[in-house]
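Colleague: What follows is protein-v9.tsv, TSV, C-alpha atoms and all ligand atoms.
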chain	number	residue	atom	x	y	z
A	453	MET	CA	-34.39	11.17	17.32
A	454	ASN	CA	-34.51	14.90	16.80
A	455	THR	CA	-31.14	15.25	18.41
A	456	ARG	CA	-29.72	12.59	16.11
A	457	ARG	CA	-31.08	14.24	13.00
A	458	THR	CA	-29.62	17.56	14.04
A	459	PHE	CA	-26.27	15.94	14.68
A	460	ILE	CA	-26.21	14.37	11.24
A	461	LYS	CA	-26.93	17.80	9.78
A	462	PHE	CA	-24.13	19.19	11.88
A	463	LEU	CA	-21.72	16.56	10.64
A	464	SER	CA	-22.77	17.14	7.03
A	465	PHE	CA	-22.37	20.88	7.38
A	466	PHE	CA	-18.87	20.66	8.73
A	467	GLY	CA	-17.98	17.87	6.33
A	468	ALA	CA	-18.88	20.15	3.42
A	469	LEU	CA	-16.71	22.89	4.84
A	470	ILE	CA	-13.58	20.85	5.28
A	471	VAL	CA	-13.53	18.46	2.36
A	472	PRO	CA	-12.17	20.86	-0.28
A	473	TRP	CA	-8.99	21.63	1.64
A	474	THR	CA	-8.57	18.56	3.71
A	475	ILE	CA	-5.06	17.16	4.06
A	476	LEU	CA	-6.22	14.03	5.80
A	477	PRO	CA	-4.98	10.60	4.71
A	478	GLN	CA	-7.06	9.22	1.88
A	479	LYS	CA	-9.03	6.80	4.03
A	480	TRP	CA	-10.12	9.70	6.23
A	481	SER	CA	-10.97	12.09	3.48
A	482	GLN	CA	-13.15	9.38	1.94
A	483	SER	CA	-14.82	8.82	5.24
A	484	LEU	CA	-15.23	12.53	5.93
A	485	SER	CA	-16.37	13.31	2.42
A	486	LEU	CA	-19.32	11.05	3.10
A	487	LEU	CA	-20.28	13.46	5.85
A	488	ALA	CA	-20.81	16.12	3.25
A	489	GLY	CA	-23.31	14.24	1.15
A	490	LYS	CA	-26.61	12.47	1.57
A	491	PRO	CA	-25.60	9.25	3.34
A	492	SER	CA	-26.26	9.05	7.07
A	493	ILE	CA	-23.32	9.03	9.45
A	494	LYS	CA	-23.80	5.29	9.81
A	495	LEU	CA	-21.74	5.05	6.64
A	496	ASP	CA	-18.89	7.11	8.02
A	497	ILE	CA	-18.34	6.14	11.57
A	498	ALA	CA	-19.72	2.66	11.36
A	499	GLN	CA	-18.24	1.38	8.13
A	500	ALA	CA	-14.58	1.11	8.98
A	501	GLU	CA	-14.40	-2.62	9.64
A	502	GLY	CA	-11.84	-4.98	8.09
A	503	ALA	CA	-9.89	-2.99	5.52
A	504	ASP	CA	-9.93	-6.05	3.26
A	505	GLY	CA	-13.72	-6.31	3.57
A	506	SER	CA	-13.60	-9.40	5.78
A	507	ASP	CA	-14.92	-9.57	9.31
A	508	ARG	CA	-11.56	-10.74	10.62
A	509	ILE	CA	-9.77	-8.26	12.90
A	510	ALA	CA	-6.34	-7.52	11.47
A	511	THR	CA	-3.38	-8.18	13.76
A	512	GLU	CA	-1.99	-4.68	13.22
A	513	ILE	CA	-5.22	-3.27	14.65
A	514	LEU	CA	-4.96	-5.43	17.75
A	515	GLY	CA	-1.30	-4.54	18.23
A	516	LYS	CA	-1.81	-0.78	17.88
A	517	LYS	CA	-0.43	1.23	20.79
A	518	GLY	CA	-1.99	4.01	22.81
A	519	PHE	CA	0.81	6.32	21.72
A	520	GLU	CA	-0.35	6.01	18.11
A	521	ASP	CA	-3.83	7.13	19.19
A	522	ILE	CA	-2.31	10.14	20.96
A	523	GLN	CA	-0.37	11.02	17.81
A	524	ALA	CA	-3.53	10.78	15.71
A	525	LEU	CA	-5.62	12.82	18.12
A	526	CYS	CA	-2.97	15.55	18.32
A	527	GLN	CA	-2.60	16.10	14.58
A	528	VAL	CA	-3.31	19.62	13.37
A	529	ASP	CA	-6.39	18.27	11.56
A	530	MET	CA	-8.01	17.49	14.89
A	531	GLN	CA	-7.74	21.18	15.79
A	532	GLY	CA	-7.54	20.40	19.48
A	533	ARG	CA	-10.86	18.51	19.62
A	534	ARG	CA	-12.94	21.34	21.03
A	535	ALA	CA	-16.53	20.25	21.73
A	536	GLY	CA	-18.94	21.44	19.07
A	537	THR	CA	-16.30	21.95	16.35
A	538	ILE	CA	-15.05	20.03	13.31
A	539	GLY	CA	-12.14	18.92	15.48
A	540	GLN	CA	-14.62	17.09	17.69
A	541	THR	CA	-16.21	15.50	14.61
A	542	ARG	CA	-12.85	14.28	13.38
A	543	ALA	CA	-12.02	12.84	16.78
A	544	LEU	CA	-15.37	11.01	16.77
A	545	VAL	CA	-14.69	9.65	13.29
A	546	TYR	CA	-11.30	8.41	14.50
A	547	LEU	CA	-12.73	6.80	17.64
A	548	GLY	CA	-15.59	5.31	15.63
A	549	GLU	CA	-13.08	3.72	13.28
A	550	GLN	CA	-11.10	2.24	16.14
A	551	VAL	CA	-14.04	0.63	17.90
A	552	ARG	CA	-15.62	-0.51	14.64
A	553	GLU	CA	-12.39	-2.17	13.58
A	554	LEU	CA	-12.30	-3.96	16.92
A	555	GLN	CA	-15.91	-5.05	16.28
A	556	LEU	CA	-17.01	-3.77	19.67
A	557	GLU	CA	-20.67	-3.70	20.61
A	558	SER	CA	-22.36	-0.32	20.72
A	559	PHE	CA	-23.60	0.92	24.07
A	560	GLY	CA	-24.86	4.13	22.45
A	561	ASP	CA	-26.87	4.45	19.22
A	562	GLU	CA	-26.12	2.47	16.05
A	563	ASN	CA	-23.02	4.63	15.56
A	564	TYR	CA	-21.84	4.18	19.16
A	565	LEU	CA	-22.82	7.78	19.89
A	566	GLN	CA	-24.84	9.54	22.53
A	567	THR	CA	-25.44	13.11	21.36
A	568	PHE	CA	-26.30	16.06	23.58
A	569	ALA	CA	-26.49	19.83	23.40
A	570	ILE	CA	-24.04	22.20	25.07
A	571	PRO	CA	-24.20	25.96	25.68
A	572	VAL	CA	-22.12	28.51	23.78
A	573	MET	CA	-18.89	29.01	25.70
A	574	GLU	CA	-16.69	31.94	26.56
A	575	GLU	CA	-12.89	31.72	26.80
A	576	ARG	CA	-11.21	32.70	30.08
A	577	VAL	CA	-7.65	32.38	31.34
A	578	ILE	CA	-7.50	31.80	35.09
A	579	ASN	CA	-4.16	31.30	36.87
A	580	GLY	CA	-2.43	30.77	33.52
A	581	ARG	CA	-4.82	28.00	32.45
A	582	ALA	CA	-7.27	28.38	29.59
A	583	LEU	CA	-10.83	27.53	30.65
A	584	PHE	CA	-14.39	27.63	29.36
A	585	ARG	CA	-17.37	29.29	31.01
A	586	PRO	CA	-20.93	29.20	29.60
A	587	LYS	CA	-22.02	32.47	28.00
A	588	GLN	CA	-25.67	31.85	28.77
A	589	VAL	CA	-26.20	28.97	31.12
A	590	ASN	CA	-29.50	27.78	29.72
A	591	ALA	CA	-28.87	28.27	26.04
A	592	ALA	CA	-27.76	24.79	25.00
A	593	SER	CA	-27.43	25.15	21.25
A	594	VAL	CA	-24.27	23.35	20.09
A	595	LEU	CA	-24.05	19.59	19.62
A	596	ALA	CA	-21.53	17.31	21.26
A	597	ALA	CA	-21.34	13.55	21.78
A	598	ASN	CA	-20.12	10.70	23.95
A	599	LEU	CA	-19.04	7.47	22.32
A	600	LEU	CA	-19.69	4.15	24.07
A	601	ALA	CA	-18.39	0.77	22.89
A	602	GLY	CA	-17.63	-2.45	24.67
A	603	ILE	CA	-17.41	-6.20	25.04
A	604	LYS	CA	-20.46	-8.05	26.29
A	605	GLY	CA	-19.91	-10.24	29.33
A	606	MET	CA	-21.47	-13.52	30.39
A	607	ASN	CA	-23.67	-11.56	32.77
A	608	GLN	CA	-24.97	-8.70	30.69
A	609	ASN	CA	-26.76	-7.14	33.63
A	610	GLU	CA	-23.52	-5.98	35.13
A	611	THR	CA	-21.14	-3.46	33.60
A	612	ILE	CA	-17.85	-1.83	34.38
A	613	ILE	CA	-16.96	1.32	32.51
A	614	ILE	CA	-13.45	2.45	31.69
A	615	SER	CA	-13.53	6.02	30.48
A	616	ALA	CA	-11.62	9.06	29.28
A	617	HIS	CA	-12.73	12.39	27.86
A	618	TYR	CA	-11.60	12.90	24.28
A	619	ASP	CA	-12.33	16.63	23.96
A	620	HIS	CA	-9.87	19.43	24.65
A	621	LEU	CA	-9.71	23.22	24.24
A	622	GLY	CA	-9.07	23.47	20.50
A	623	MET	CA	-8.15	26.83	19.00
A	624	TYR	CA	-8.10	29.11	21.98
A	625	GLN	CA	-7.15	32.79	21.88
A	626	GLY	CA	-5.47	32.21	18.52
A	627	GLU	CA	-3.35	29.27	19.63
A	628	LEU	CA	-3.78	25.57	19.04
A	629	HIS	CA	-4.25	23.58	22.24
A	630	ARG	CA	-3.72	19.94	21.28
A	631	GLY	CA	-4.22	18.33	24.68
A	632	ALA	CA	-1.78	15.44	24.29
A	633	ASN	CA	-1.74	14.64	27.96
A	634	ASP	CA	-5.22	16.18	28.53
A	635	ASN	CA	-6.65	13.87	27.46
A	636	ALA	CA	-5.47	12.07	24.35
A	637	SER	CA	-3.35	10.10	26.83
A	638	GLY	CA	-6.40	8.71	28.67
A	639	VAL	CA	-8.09	7.85	25.36
A	640	GLY	CA	-4.97	6.05	24.12
A	641	CYS	CA	-4.87	4.03	27.31
A	642	ILE	CA	-8.52	2.98	27.09
A	643	LEU	CA	-8.15	1.99	23.43
A	644	GLU	CA	-4.98	0.00	24.06
A	645	VAL	CA	-6.61	-1.90	26.93
A	646	MET	CA	-9.71	-2.63	24.82
A	647	ARG	CA	-7.44	-3.99	22.06
A	648	ARG	CA	-5.78	-6.34	24.53
A	649	LEU	CA	-9.17	-7.51	25.80
A	650	VAL	CA	-10.47	-8.07	22.27
A	651	GLN	CA	-7.38	-10.11	21.46
A	652	GLU	CA	-8.09	-12.27	24.49
A	653	SER	CA	-11.77	-12.63	23.70
A	654	LEU	CA	-10.77	-13.90	20.25
A	655	ALA	CA	-8.80	-16.56	22.12
A	656	GLY	CA	-11.91	-17.44	24.10
A	657	ALA	CA	-11.68	-15.29	27.26
A	658	THR	CA	-15.14	-13.76	27.69
A	659	PRO	CA	-15.46	-11.30	30.57
A	660	ARG	CA	-17.80	-12.14	33.43
A	661	VAL	CA	-19.51	-8.74	33.02
A	662	ASN	CA	-19.74	-6.13	30.26
A	663	VAL	CA	-16.62	-4.02	29.82
A	664	VAL	CA	-17.56	-0.70	28.24
A	665	ALA	CA	-15.22	2.02	27.02
A	666	ALA	CA	-16.82	5.45	27.40
A	667	PHE	CA	-15.25	8.41	25.63
A	668	TRP	CA	-16.84	11.48	27.21
A	669	GLY	CA	-17.37	14.68	25.23
A	670	ALA	CA	-17.29	18.29	26.49
A	671	GLU	CA	-15.47	17.51	29.73
A	672	GLU	CA	-13.57	20.77	29.44
A	673	MET	CA	-16.87	22.64	29.48
A	674	GLY	CA	-17.90	21.26	32.86
A	675	PHE	CA	-18.09	17.43	32.53
A	676	LEU	CA	-21.09	17.90	30.27
A	677	GLY	CA	-20.83	14.51	28.53
A	678	SER	CA	-20.60	12.38	31.65
A	679	LYS	CA	-23.26	14.48	33.38
A	680	TYR	CA	-25.56	13.96	30.42
A	681	PHE	CA	-24.92	10.22	30.52
A	682	VAL	CA	-25.85	10.06	34.23
A	683	LYS	CA	-29.12	11.88	33.52
A	684	ASN	CA	-29.80	9.90	30.33
A	685	PRO	CA	-28.05	6.57	30.80
A	686	THR	CA	-27.74	4.27	27.78
A	687	ILE	CA	-26.91	1.49	30.28
A	688	PRO	CA	-29.17	1.25	33.38
A	689	LEU	CA	-27.23	2.94	36.17
A	690	SER	CA	-28.17	0.11	38.53
A	691	ASN	CA	-26.23	-2.26	36.25
A	692	ILE	CA	-23.05	-0.20	36.39
A	693	LYS	CA	-20.80	-1.15	39.29
A	694	THR	CA	-17.72	0.85	38.54
A	695	VAL	CA	-16.37	3.75	36.50
A	696	ILE	CA	-12.60	3.97	36.18
A	697	ASN	CA	-11.73	7.24	34.50
A	698	PHE	CA	-8.26	8.05	33.13
A	699	ASP	CA	-7.38	11.73	32.70
A	700	THR	CA	-4.01	13.39	31.98
A	701	ILE	CA	-2.24	10.13	32.67
A	702	ALA	CA	1.05	10.12	30.74
A	703	ALA	CA	3.21	13.15	31.62
A	704	GLY	CA	5.86	13.37	34.30
A	705	SER	CA	7.84	10.77	36.20
A	706	LYS	CA	7.05	7.21	35.28
A	707	GLU	CA	5.86	5.63	38.53
A	708	GLU	CA	3.83	8.38	40.18
A	709	PHE	CA	0.06	8.53	40.01
A	710	ILE	CA	-2.76	10.06	42.04
A	711	PHE	CA	-6.49	9.47	42.17
A	712	TRP	CA	-9.58	11.57	42.81
A	713	THR	CA	-12.82	10.11	44.03
A	714	PRO	CA	-15.88	11.94	45.32
A	715	LYS	CA	-16.56	9.47	48.15
A	716	ASP	CA	-15.19	6.41	49.95
A	717	ASN	CA	-14.65	3.87	47.35
A	718	PRO	CA	-14.01	0.10	47.44
A	719	LEU	CA	-12.00	0.49	44.23
A	720	THR	CA	-9.18	2.32	45.91
A	721	GLU	CA	-7.83	-0.80	47.58
A	722	ILE	CA	-7.91	-2.85	44.38
A	723	ILE	CA	-6.24	-0.07	42.42
A	724	ASN	CA	-3.65	0.43	45.14
A	725	ASN	CA	-2.70	-3.25	45.06
A	726	VAL	CA	-2.49	-3.37	41.28
A	727	VAL	CA	-0.39	-0.20	41.15
A	728	GLN	CA	2.05	-1.59	43.72
A	729	ARG	CA	2.28	-4.89	41.87
A	730	ASN	CA	3.29	-2.89	38.79
A	731	GLY	CA	6.07	-1.17	40.73
A	732	ALA	CA	4.34	2.22	40.83
A	733	LYS	CA	2.87	4.52	43.49
A	734	ILE	CA	-0.58	6.04	43.82
A	735	GLU	CA	-2.09	8.39	46.41
A	736	LYS	CA	-5.45	9.96	47.03
A	737	ASP	CA	-5.43	13.65	46.16
A	738	ASP	CA	-8.10	16.21	47.03
A	739	GLY	CA	-7.82	17.88	43.63
A	740	LYS	CA	-7.68	21.37	45.19
A	741	GLY	CA	-10.91	22.32	43.48
A	742	HIS	CA	-10.09	20.49	40.24
A	743	LYS	CA	-12.41	17.70	39.15
A	744	SER	CA	-12.91	15.20	36.36
A	745	ASP	CA	-15.71	13.00	35.02
A	746	ASP	CA	-15.84	10.78	38.11
A	747	SER	CA	-17.58	13.70	39.86
A	748	SER	CA	-20.64	13.28	37.63
A	749	PHE	CA	-21.36	9.97	39.39
A	750	LEU	CA	-21.36	11.43	42.91
A	751	ASP	CA	-25.11	11.07	43.43
A	752	THR	CA	-25.30	7.51	42.12
A	753	GLN	CA	-24.49	4.16	43.73
A	754	ILE	CA	-21.63	3.72	41.28
A	755	SER	CA	-18.02	3.62	42.50
A	756	ALA	CA	-16.26	6.16	40.32
A	757	ILE	CA	-12.62	7.15	40.38
A	758	THR	CA	-10.26	9.21	38.24
A	759	VAL	CA	-6.62	8.19	37.93
A	760	LEU	CA	-4.12	10.88	36.89
A	761	SER	CA	-0.41	11.42	36.64
A	762	ARG	CA	0.96	13.12	39.77
A	763	GLU	CA	2.27	15.88	37.44
A	764	TRP	CA	-1.05	16.24	35.61
A	765	LEU	CA	-0.99	20.04	35.89
A	766	TRP	CA	2.35	20.34	34.09
A	767	ASN	CA	1.72	22.47	30.95
A	768	ASN	CA	-1.98	21.72	31.43
A	769	HIS	CA	-4.38	23.87	29.37
A	770	THR	CA	-1.53	25.57	27.54
A	771	PRO	CA	-0.32	25.15	23.94
A	772	GLU	CA	2.69	23.29	25.37
A	773	ASP	CA	0.58	20.22	26.20
A	774	ASP	CA	1.69	18.56	22.98
A	775	ILE	CA	3.14	15.18	22.04
A	776	THR	CA	6.52	16.07	23.60
A	777	VAL	CA	5.08	15.95	27.14
A	778	ILE	CA	4.10	12.30	26.78
A	779	ASN	CA	6.30	9.87	28.67
A	780	GLN	CA	5.80	6.70	26.64
A	781	GLU	CA	7.04	4.43	29.42
A	782	LYS	CA	4.55	5.99	31.78
A	783	LEU	CA	1.78	5.55	29.23
A	784	GLU	CA	2.60	1.84	28.94
A	785	LEU	CA	2.65	1.50	32.72
A	786	ALA	CA	-0.75	3.22	32.95
A	787	CYS	CA	-2.11	0.80	30.32
A	788	ASP	CA	-0.75	-2.18	32.29
A	789	ILE	CA	-2.35	-0.89	35.48
A	790	LEU	CA	-5.74	-0.33	33.88
A	791	TYR	CA	-5.58	-3.70	32.16
A	792	ASP	CA	-4.82	-5.49	35.46
A	793	VAL	CA	-7.62	-3.64	37.28
A	794	VAL	CA	-10.11	-4.62	34.57
A	795	LYS	CA	-8.97	-8.23	34.73
A	796	GLU	CA	-9.58	-8.27	38.49
A	797	LEU	CA	-12.97	-6.64	38.29
A	798	ALA	CA	-14.48	-8.16	35.17
A	799	TYR	CA	-12.98	-11.63	34.66
A	801	ZN	ZN	-8.58	19.54	30.80
Please express the file's structure as structure tokens.
Modeller:
Amino acid sequence: MNTRRTFIKFLSFFGALIVPWTILPQKWSQSLSLLAGKPSIKLDIAQAEGADGSDRIATEILGKKGFEDIQALCQVDMQGRRAGTIGQTRALVYLGEQVRELQLESFGDENYLQTFAIPVMEERVINGRALFRPKQVNAASVLAANLLAGIKGMNQNETIIISAHYDHLGMYQGELHRGANDNASGVGCILEVMRRLVQESLAGATPRVNVVAAFWGAEEMGFLGSKYFVKNPTIPLSNIKTVINFDTIAAGSKEEFIFWTPKDNPLTEIINNVVQRNGAKIEKDDGKGHKSDDSSFLDTQISAITVLSREWLWNNHTPEDDITVINQEKLELACDILYDVVKELAY
């Protein structure tokens, strides 16, 4: 509760700072201007449903593509979505709008959020890549958040999670790092797949188990969002069978993917088959010391895996990771693969 209250204050504070000069579309500035005043964030993030005031989901929402999400998340206004900044808040407002418009169930608090504190970070460039390191390991004093939204299944005691981190580096050593591939691409993929599933559930196809989209915060600072979730699960860990994480998925040649997983994993065969069926290739990769949010689940019973583009490191953690690196055909293929995997596992 305390955490939540602090987060609302945090949102209000930043809202007050940005409203006077905001160049956001009108819908956004209205939504963000609410952050500056008295109303709780329930009004901002949660009140985006049905533009015409009805509870019907508009067809243009269901047909929205992952590429449009990437474009939105890479706008200058998002400031590179660095955890603990106004860019993070704007990304959360955007994600909140998307899941609210799809009328997804919350698997976090009433605003779909799970808030947590992160330490103050220091900027470092190692091997040409910009990275964060904590300044003081135990001084967690900045707020960040995960966002969790999904479709309830017939058996609500079983859940599969599809996930992507939405944060990136932000303004870093004076340059804007937008993180189009890392990881607006993963977020776009998850949202597009959720839209397809919602469309089907409107036509009567209820999943066998819960399908939850998790958008992790503060991944770039050491997987802090997913680690926090594992320590403070909003869904009992024993109910979660699978976490399929998408990270830096849409740059490079269309058909080539890799995956990282911290242990032997029954998912790899299913994913392999689906990838082949879609005319693509995927291989296990040891990551060479690189990790993603799947690693936070290492000490649980959950099968967790991260799927990436083979060329995930291309322009990674540089200002050049912008919208021009996105291969739209690859993005669509990644969406198809994730969609097929979810259909196999949850329907
Ligand atoms: Zn990254």
Colleague: Tell me which of A:Leu783, A:Ala703, A:Lys604, A:Thr567 sits closest to Asp521 (chain A), counting all atoms listed in the file.
Modeller: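 The closest residue to Asp521 (chain A) is A:Leu783.
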Colleague: Residues within 10 Å of ligand ZN 801 (chain A), counting only C-alpha atoms and all ligand atoms: report them as a PyMOL selection string.
Modeller: chain A and resi 581-583+617-621+631+633-635+670-675+699-700+742-744+764-765+768-770
Colleague: Please tell me which residues are no farther than 7 Å from (-23.4, 0.6, 40.1) in the file, counting all atoms listed in the file, and write them as a count of residues only.
Modeller: 9
Colleague: So how far away is CA of Ile789 (chain A) from CA of Pro685 (chain A), in Å?
Modeller: 27.2 Å
Colleague: Quick one: pull the distance between CA of Val759 (chain A) and CA of Asn724 (chain A), Å, one decimal.
Modeller: 11.0 Å
Colleague: Using Å and a single decimal, report how far CA of Trp766 (chain A) sits from CA of Ser615 (chain A).
Modeller: 21.7 Å
Colleague: Check the smallest atom-to-atom distance from each of A:Asp774, A:Val726, A:Ile509, A:Ala597 to Asp788 (chain A) using all atoms listed in the file, then report the winner.
Modeller: A:Val726
Colleague: Given the choices A:Val594, A:Ala655, A:Leu554, A:Ala666, which gets closest to Ser678 (chain A) if the distance is worked out from all atoms listed in the file?
Modeller: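 Using all atoms listed in the file, Ser678 (chain A) sits closest to A:Ala666.
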Colleague: Please return as a list in words every residue within 9 Å of (-18.1, 6.5, 27.8), taking into account all atoms listed in the file and the file's own coordinates.
Modeller: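 Every polymer residue passing the test: Phe559, Gly560, Asn598, Leu599, Leu600, Ala601, Ile613, Ile614, Ser615, Ala616, His617, Val664, Ala665, Ala666, Phe667, Trp668, Gly669, Gly677, Ser678 and Phe681 of chain A.
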Colleague: Looking at all atoms listed in the file, which of A:Lys736, A:Gln608, A:Tyr680, A:Ile775 is the one that sits closest to Phe568 (chain A)?
Modeller: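 Smallest separation from Phe568 (chain A) among the options: A:Tyr680.
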Colleague: Can you fill out region 762-776 of chain A with N, CA and C atoms and hand it back as a CSV table (one decimal), in the coordinates of the input?
Modeller:
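Dumped to out-v8.csv:
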chain,number,residue,atom,x,y,z
A,762,ARG,N,0.7,12.2,38.7
A,762,ARG,CA,1.0,13.1,39.8
A,762,ARG,C,1.2,14.5,39.2
A,763,GLU,N,1.9,14.6,38.1
A,763,GLU,CA,2.3,15.9,37.4
A,763,GLU,C,1.2,16.3,36.4
A,764,TRP,N,0.0,16.0,36.6
A,764,TRP,CA,-1.0,16.2,35.6
A,764,TRP,C,-1.2,17.7,35.2
A,765,LEU,N,-0.8,18.6,36.2
A,765,LEU,CA,-1.0,20.0,35.9
A,765,LEU,C,0.1,20.6,35.1
A,766,TRP,N,1.2,19.9,34.8
A,766,TRP,CA,2.4,20.3,34.1
A,766,TRP,C,1.9,20.7,32.7
A,767,ASN,N,2.1,22.0,32.3
A,767,ASN,CA,1.7,22.5,31.0
A,767,ASN,C,0.2,22.3,30.6
A,768,ASN,N,-0.6,22.0,31.7
A,768,ASN,CA,-2.0,21.7,31.4
A,768,ASN,C,-2.7,23.0,31.0
A,769,HIS,N,-3.6,22.8,29.9
A,769,HIS,CA,-4.4,23.9,29.4
A,769,HIS,C,-3.5,25.0,28.8
A,770,THR,N,-2.4,24.6,28.3
A,770,THR,CA,-1.5,25.6,27.5
A,770,THR,C,-1.2,24.9,26.2
A,771,PRO,N,-0.7,25.7,25.2
A,771,PRO,CA,-0.3,25.2,23.9
A,771,PRO,C,0.8,24.2,24.1
A,772,GLU,N,1.5,24.2,25.2
A,772,GLU,CA,2.7,23.3,25.4
A,772,GLU,C,2.3,21.9,25.7
A,773,ASP,N,1.0,21.6,26.0
A,773,ASP,CA,0.6,20.2,26.2
A,773,ASP,C,0.5,19.5,24.8
A,774,ASP,N,1.7,19.2,24.3
A,774,ASP,CA,1.7,18.6,23.0
A,774,ASP,C,2.4,17.2,23.1
A,775,ILE,N,2.6,16.6,22.0
A,775,ILE,CA,3.1,15.2,22.0
A,775,ILE,C,4.5,15.0,22.8
A,776,THR,N,5.2,16.1,22.9
A,776,THR,CA,6.5,16.1,23.6
A,776,THR,C,6.4,15.9,25.1
